[in-house]
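Visitor: Mind having a look at this structure? Questions to follow.
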Amino acid sequence: MQLNRFLTNIIRFLMIVFVSLLVWDGLSKYAVRHFCSYEMEKKYEAIILGHSQTEHALDDQYLPGVKNLCNGGEAYLYTYQKLKLITAANPQIKTVYLSVAPNQLTAKLDEWAIDTKNVNSYFSKYAFMMEVSDYQLVASHNFEALLNAEIVAIKNNAKAAVKRQNRVSNGDLGGYMAAQVSKLDSLEQQHHLDKEDFQQFTKPSVINLAYLKKIVAYCHQHSIQLVFVKMPVYARYNSRINQSVYHSLLKENFPNQKLWDFQQVVLDKNDFRDYTHLNSSGAKKVSRIFAQRMLHSKI
Amino acid sequence: MLFNSLGFLLFLPIVFLLYWKVFAADYRKQNLLLLVSSYFFYACWDWRFLFLLFFSTFLDYFTGLKMCQSQAPQRRKFWFWLSIGINLGFLGFFKYYNFFALSFQELLGGFGLHTDIWLLKVILPVGISFYTFHGLSYVIDIYYGRIKAERNFVDYAVFVSYFPLLVAGPIERATHLLPQIQRSRSFDYEKAVDGLTQMLWGMFKKVVIADNCAEYANMMFNHTGQHSGSDLLLGAFFFTFQIYGDFSGYSDIALGVSRMFGVELLRNFSFPYFSRDIAEFWRRWHISLSTWFRDYLYIPLGGSRGGKAMQVRNTLIIFLVSGFWHGANWTFIVWGLLNALYFMPLLLLGSNRNYLGTVAEGRWLPSLREAWAMGTTFLLTVLAWIFFRADSLTHAFHYLGGVFSKSLLTIPSVLPFAIIGLVIFFVGVEWLGRSHQYALQGLRSSTPKWFQKSVYFLIMFLLLFNMGKEQQFIYFQF
């Protein structure tokens, strides 16, 4: 009798907590969607999306009409949500430049979609955009992190909504990040290249690839021109990558997709922050060449 | 399995329901369930060390029986020392071998002799210090005729490995816990609600206070050279609350969970930061360890008998051993000695038992004198915690040097107001509940139901919305 009373009271208490959380969750998602702004200036007709390589390599001050919205460590699952969000709020967007680097198509980087750190920071940010299938995907791999991310989302959404922020201009959704240093010499001294895992490039991605396909399909459906871009990495690093898996994945899954590969851009050691990222000096060079390419291809 | 994990939130209701719904009629079956659940709980961390736990349990069970069966004192002595030797041998090997080996290597290095010493490359089995001390107290109590050996292996194994206390205490005594295991238990609504409330408060302490304070404290201790004196002092304050929230939070969860199963555990904390001197602090901090050392080391060494010199020697030994119990690092030894240093003047002046009651009993606020005494005691413990938290003695002195620099009087560069606010709320609630077993206990007897429910919801939401980055319980490493 006493036990049943205890269990009933516990269940009642937890139900009230759970329902309150659901209400808060719904309200905060509604608020962040309707009270925050995702609009950009009308002059921006193109955006750059992707991970840290494009985040560091493409300085949008040299790219007229283009806004860099890249985020380091961002998996395509989250890029896809950002794409939907930005293009819905900014119908003037005609072109999307998307980073498609060899590491983004490896199984290792599938972790970016589901590991605790990224779920906490990215899932919570885009939770209000997620579809049921996205929830199912993350829940099946990391349920605890998903619950935590939902709580973080409620908190962050409420804060952003109260401040009525423009989440593009406040940098919430990413942007160009200038790196001032070059660490290549010290990395070379430590023989860092020998410690890198190049085997990863032989194992193709599942999650990232699936969401890349969704991005392609979304752009096609909304008549948005999509260009894959590949930023330069340090030549010695690049020579160790098994490129065949990357190229065959692209050929197999996206046969008609444009790819702008900037690996051949002439850069010296001082243009790199490390093996896979440019610093501001490198970004300046690559961005100018990127701008010329835009001009020539009339995009 | 961590108390603050999703796994535990599933594990606990399942065991609870089986315990009270399925096996309630037979306490022996309940004990068996507790044993299986405890081994599962432990195996979730690392199943390989389950064998060590089982071996340690069996060793003490067997030597306990042998001691009781032996008529000749020599044989009793043999079984007694066999158990003590093997228990301490395991503890010493896993916990202290590398420390002694490296210290020996450094010593040889000082004489210009360079050696390659074999080091143990195994992580410390979680809870080894706790379950070893359980076993030791059992064997010592049998040897001195305080208890009889337990014949039922399951009951004894539950005493050693009962999951709420298995990995971080409180350190139980056979005289207290075994009788509770050996009798039938019936569900008590009031006790279960009390247990759940204590568990909720323990979670709050761990997840909200300790884990949030940890982020700031880690920043200061991991990058000591980059911060001002005021930042470092604030970092030390945060660590002071982190370790209290972490360890007393764990103890509250353990006591609360156990109460839900109808088993009372020894109290481990009694609002130590409201102590008016260090002697009182040590009567209120990690009580089960302090009393263990008192009963099994201080008193056998002669205790307070034999004059002041003997008392000073024994007290010094206790603090030294207590420091060393926490870990194989000179920082813990210095932490122990520093506390001994704080304690000695009180001992020599005979004023170490001045404060036995609750501070400001029956009053809302302390007197100025009490506030001053609490403040100075608190500051002394903050300074001592710096040694406890630092990676090495060099680091500790570097940290202290940083604190007592010119920049001590500047405004801290990082002021996490939200965390400071939570700590103030926490201290306030603890102050209001200081005459009870835990801060929220008085709530049920002295406030209306709607208020109690509002507080539970508030704590629950603070818990959910102010979770810090999950940190391992500090005392798991001991």
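Identifiers for the structure tokens are assigned positionally: chains receive A, B, ... in sequence, residues are indexed from 1 per chain, and ligands are indexed from 1 in the order shown.
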Can you work out which residues from chain B touch chain A at a cut-off of 12 Å (counting only C-alpha atoms) and hand them back as a count of residues only?
Guide: 45
Visitor: As JSON, numbers by chain, please: all residues of segment 66-223 of chain A that backbone DSSP puts in helix (DSSP H, G or I).
Guide: {"A": [76, 77, 78, 79, 80, 81, 82, 83, 84, 85, 86, 87, 88, 89, 102, 103, 104, 105, 107, 108, 109, 110, 111, 112, 113, 114, 116, 117, 118, 119, 120, 121, 122, 123, 124, 125, 126, 127, 128, 129, 132, 133, 134, 135, 136, 137, 138, 139, 140, 141, 142, 143, 144, 145, 146, 147, 148, 149, 150, 151, 152, 153, 154, 155, 156, 157, 158, 159, 160, 161, 162, 163, 184, 185, 186, 187, 188, 189, 192, 193, 194, 195, 199, 200, 201, 202, 207, 208, 209, 210, 211, 212, 213, 214, 215, 216, 217, 218, 219, 220, 221]}
Visitor: Extract, using only C-alpha atoms, all DNA, RNA and protein residues at most 10 Å from Ala160 of chain A, discarding same-chain residues fewer than 2 positions from it, and format them as a list in words.
Guide: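 Once the nearby chain positions are removed, what remains is Ser28, Ala31, Val32, Arg33, Phe35, Cys36, Ser37, Lys155, Asn156, Asn157, Ala158, Val162, Lys163, Arg164, Gln165, Asn166, Arg167 and Asp172 of chain A.
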Visitor: Quick one: write out the picked residues with N, CA, C and O atoms as a short mmCIF file (atom, residue, chain, number, x, y, z; two decimals), in the first residue's frame?
Guide:
data_model
loop_
_atom_site.label_atom_id
_atom_site.label_comp_id
_atom_site.auth_asym_id
_atom_site.auth_seq_id
_atom_site.Cartn_x
_atom_site.Cartn_y
_atom_site.Cartn_z
N SER A 28 10.29 27.29 -26.31
CA SER A 28 11.60 27.87 -26.64
C SER A 28 11.92 27.69 -28.13
O SER A 28 12.53 28.54 -28.76
N ALA A 31 9.91 30.19 -29.92
CA ALA A 31 10.45 31.53 -29.70
C ALA A 31 11.71 31.78 -30.52
O ALA A 31 11.87 32.83 -31.13
N VAL A 32 12.58 30.78 -30.55
CA VAL A 32 13.85 31.01 -31.26
C VAL A 32 13.61 31.10 -32.78
O VAL A 32 14.33 31.77 -33.51
N ARG A 33 12.57 30.42 -33.22
CA ARG A 33 12.24 30.48 -34.65
C ARG A 33 11.58 31.83 -35.01
O ARG A 33 11.88 32.41 -36.05
N PHE A 35 11.15 34.76 -32.82
CA PHE A 35 11.64 36.02 -32.24
C PHE A 35 13.08 36.33 -32.63
O PHE A 35 13.55 37.45 -32.44
N CYS A 36 13.81 35.33 -33.10
CA CYS A 36 15.17 35.60 -33.56
C CYS A 36 15.14 35.79 -35.07
O CYS A 36 14.27 35.25 -35.75
N SER A 37 16.13 36.53 -35.54
CA SER A 37 16.17 36.79 -36.96
C SER A 37 17.33 36.03 -37.59
O SER A 37 18.38 35.85 -36.97
N LYS A 155 17.54 26.17 -22.85
CA LYS A 155 18.20 27.32 -22.21
C LYS A 155 18.66 28.35 -23.24
O LYS A 155 18.36 29.53 -23.16
N ASN A 156 19.42 27.85 -24.24
CA ASN A 156 20.00 28.77 -25.22
C ASN A 156 18.95 29.43 -26.09
O ASN A 156 19.04 30.62 -26.42
N ASN A 157 17.94 28.65 -26.47
CA ASN A 157 16.87 29.22 -27.30
C ASN A 157 16.15 30.34 -26.56
O ASN A 157 15.87 31.40 -27.13
N ALA A 158 15.89 30.08 -25.28
CA ALA A 158 15.18 31.09 -24.49
C ALA A 158 16.02 32.37 -24.39
O ALA A 158 15.50 33.48 -24.58
N VAL A 162 14.85 35.93 -25.99
CA VAL A 162 14.64 37.10 -25.13
C VAL A 162 15.44 38.30 -25.67
O VAL A 162 14.96 39.43 -25.69
N LYS A 163 16.65 38.00 -26.13
CA LYS A 163 17.49 39.10 -26.66
C LYS A 163 17.10 39.47 -28.09
O LYS A 163 17.65 40.41 -28.65
N ARG A 164 16.21 38.70 -28.68
CA ARG A 164 15.75 38.93 -30.06
C ARG A 164 16.93 39.12 -31.01
O ARG A 164 17.01 40.11 -31.76
N GLN A 165 17.84 38.19 -30.93
CA GLN A 165 19.08 38.35 -31.67
C GLN A 165 18.93 38.04 -33.16
O GLN A 165 18.07 37.26 -33.55
N ASN A 166 19.82 38.66 -33.95
CA ASN A 166 19.99 38.20 -35.32
C ASN A 166 21.13 37.20 -35.24
O ASN A 166 22.27 37.57 -34.99
N ARG A 167 20.80 35.92 -35.44
CA ARG A 167 21.79 34.88 -35.17
C ARG A 167 22.81 34.71 -36.30
O ARG A 167 23.72 33.91 -36.18
N ASP A 172 26.48 33.38 -34.31
CA ASP A 172 25.99 32.10 -33.79
C ASP A 172 26.07 30.98 -34.82
O ASP A 172 26.27 29.82 -34.47
#
Visitor: Sorted by chain and rising residue number, list the residues of segment 99-198 of chain A at most 7 Å from segment 224-242 of chain A (counting only C-alpha atoms), each with its closest atom pair and distance in Å to one decimal, as CSV.
Guide:
residue,atom,partner,partner_atom,distance
A:Ser99,CA,A:Val229,CA,4.9
A:Val100,CA,A:Phe228,CA,5.7
A:Ala101,CA,A:Lys230,CA,5.3
A:Phe198,CA,A:Ile241,CA,6.2
Visitor: So how far away is atom CA of Trp79 of chain B from atom CA of Tyr143 of chain B, in Å?
Guide: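 Rounded to one decimal, the two atoms are 9.2 Å apart.
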Visitor: Which residues come within 12 Å of Ala139 of chain A, counting only C-alpha atoms, excluding same-chain residues fewer than 5 positions away, as a ChimeraX atom specification?
Guide: /A:113-116,119,123,132-134,144-150
Visitor: If you measure from atom CA of Tyr138 of chain B to atom CA of Ile86 of chain B, what distance in Å do you get, rounded to one decimal?
Guide: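 Interatomic distance, atom CA of Tyr138 of chain B to atom CA of Ile86 of chain B: 14.4 Å.
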Visitor: If you count only C-alpha atoms, which residues fall within 6 Å of segment 174-187 of chain A, apart from same-chain ones fewer than 6 positions away, as a PDB file with N, CA and C atoms, in the first residue's frame?
Guide:
ATOM      1  N   GLU A  55      36.182  27.523 -43.121  1.00  0.00           N
ATOM      2  CA  GLU A  55      36.038  28.569 -42.094  1.00  0.00           C
ATOM      3  C   GLU A  55      37.308  29.436 -42.034  1.00  0.00           C
ATOM      4  N   HIS A  56      38.466  28.797 -42.178  1.00  0.00           N
ATOM      5  CA  HIS A  56      39.737  29.520 -42.112  1.00  0.00           C
ATOM      6  C   HIS A  56      40.231  29.995 -43.479  1.00  0.00           C
ATOM      7  N   ASP A  59      37.982  34.146 -46.745  1.00  0.00           N
ATOM      8  CA  ASP A  59      37.734  35.428 -46.086  1.00  0.00           C
ATOM      9  C   ASP A  59      36.719  36.197 -46.934  1.00  0.00           C
ATOM     10  N   ASN A  68      30.433  33.957 -45.537  1.00  0.00           N
ATOM     11  CA  ASN A  68      30.968  32.701 -45.011  1.00  0.00           C
ATOM     12  C   ASN A  68      30.224  32.361 -43.714  1.00  0.00           C
ATOM     13  N   LEU A  69      29.618  31.196 -43.678  1.00  0.00           N
ATOM     14  CA  LEU A  69      28.889  30.765 -42.466  1.00  0.00           C
ATOM     15  C   LEU A  69      29.378  29.388 -41.995  1.00  0.00           C
ATOM     16  N   CYS A  70      30.680  29.187 -42.150  1.00  0.00           N
ATOM     17  CA  CYS A  70      31.231  27.880 -41.784  1.00  0.00           C
ATOM     18  C   CYS A  70      31.502  27.806 -40.282  1.00  0.00           C
ATOM     19  N   ASN A  71      31.515  26.582 -39.791  1.00  0.00           N
ATOM     20  CA  ASN A  71      31.793  26.325 -38.377  1.00  0.00           C
ATOM     21  C   ASN A  71      32.746  25.140 -38.258  1.00  0.00           C
ATOM     22  N   ASN A 270      54.304  29.573 -44.987  1.00  0.00           N
ATOM     23  CA  ASN A 270      53.785  30.604 -44.084  1.00  0.00           C
ATOM     24  C   ASN A 270      52.298  30.905 -44.285  1.00  0.00           C
ATOM     25  N   PHE A 272      50.067  28.574 -44.145  1.00  0.00           N
ATOM     26  CA  PHE A 272      49.293  27.541 -43.432  1.00  0.00           C
ATOM     27  C   PHE A 272      49.367  27.748 -41.921  1.00  0.00           C
ATOM     28  N   ARG A 273      48.227  27.506 -41.278  1.00  0.00           N
ATOM     29  CA  ARG A 273      48.237  27.502 -39.811  1.00  0.00           C
ATOM     30  C   ARG A 273      48.770  26.143 -39.333  1.00  0.00           C
ATOM     31  N   ASP A 274      48.298  25.106 -39.973  1.00  0.00           N
ATOM     32  CA  ASP A 274      48.800  23.741 -39.718  1.00  0.00           C
ATOM     33  C   ASP A 274      48.633  22.963 -41.013  1.00  0.00           C
ATOM     34  N   ASN A 279      46.161  30.072 -42.733  1.00  0.00           N
ATOM     35  CA  ASN A 279      46.066  31.235 -41.835  1.00  0.00           C
ATOM     36  C   ASN A 279      45.575  32.421 -42.661  1.00  0.00           C
ATOM     37  N   SER A 280      45.577  33.600 -42.077  1.00  0.00           N
ATOM     38  CA  SER A 280      44.966  34.750 -42.773  1.00  0.00           C
ATOM     39  C   SER A 280      45.703  35.097 -44.065  1.00  0.00           C
TER      40      SER A 280
END
Visitor: At a cut-off of 10 Å, using only C-alpha atoms, what residues contact Glu150 of chain B? Leave out same-chain residues fewer than 2 positions from it and give the result as a VMD selection string.
Guide: chain B and resid 61 to 62 64 to 65 68 138 142 147 to 148 152 to 157 174 178 182
Visitor: If we count only C-alpha atoms, what is near Thr394 of chain B at a cut-off of 12 Å, once residues fewer than 5 positions away on the same chain are taken out, given as a count of residues only?
Guide: 9
Visitor: Could you give me, as CSV, every segment 245-270 of chain A residue with an atom at most 10 Å from segment 105-112 of chain A, plus its closest atom pair and distance in Å to one decimal, counting only C-alpha atoms, rows ordered by chain then number?
Guide:
residue,atom,partner,partner_atom,distance
A:Val245,CA,A:Leu105,CA,8.8
A:Tyr246,CA,A:Leu105,CA,6.9
A:Leu249,CA,A:Leu105,CA,8.1
A:Leu250,CA,A:Leu105,CA,9.2
Visitor: Quick one, how far is atom CA of Ala283 of chain A from atom CA of Gly73 of chain A?
Guide: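 We find that atom CA of Ala283 of chain A and atom CA of Gly73 of chain A lie 18.5 Å from each other.
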Visitor: Report the residues of segment 97-213 of chain A whose backbone DSSP state falls under strand (DSSP E or B), written as number ranges by chain.
Guide: A: 97-99, 106, 166, 204
Visitor: What would the file look like if the residues just selected were written as a tab-separated table (two decimals), in the first residue's frame with C-alpha atoms?
Guide:
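Saved result, again-v9.tsv, follows:
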chain	number	residue	atom	x	y	z
A	97	TYR	CA	29.45	26.84	-51.77
A	98	LEU	CA	29.86	23.75	-49.69
A	99	SER	CA	33.08	22.36	-48.33
A	106	THR	CA	35.34	9.42	-43.99
A	166	ASN	CA	19.99	38.20	-35.32
A	204	PRO	CA	33.91	5.92	-46.32
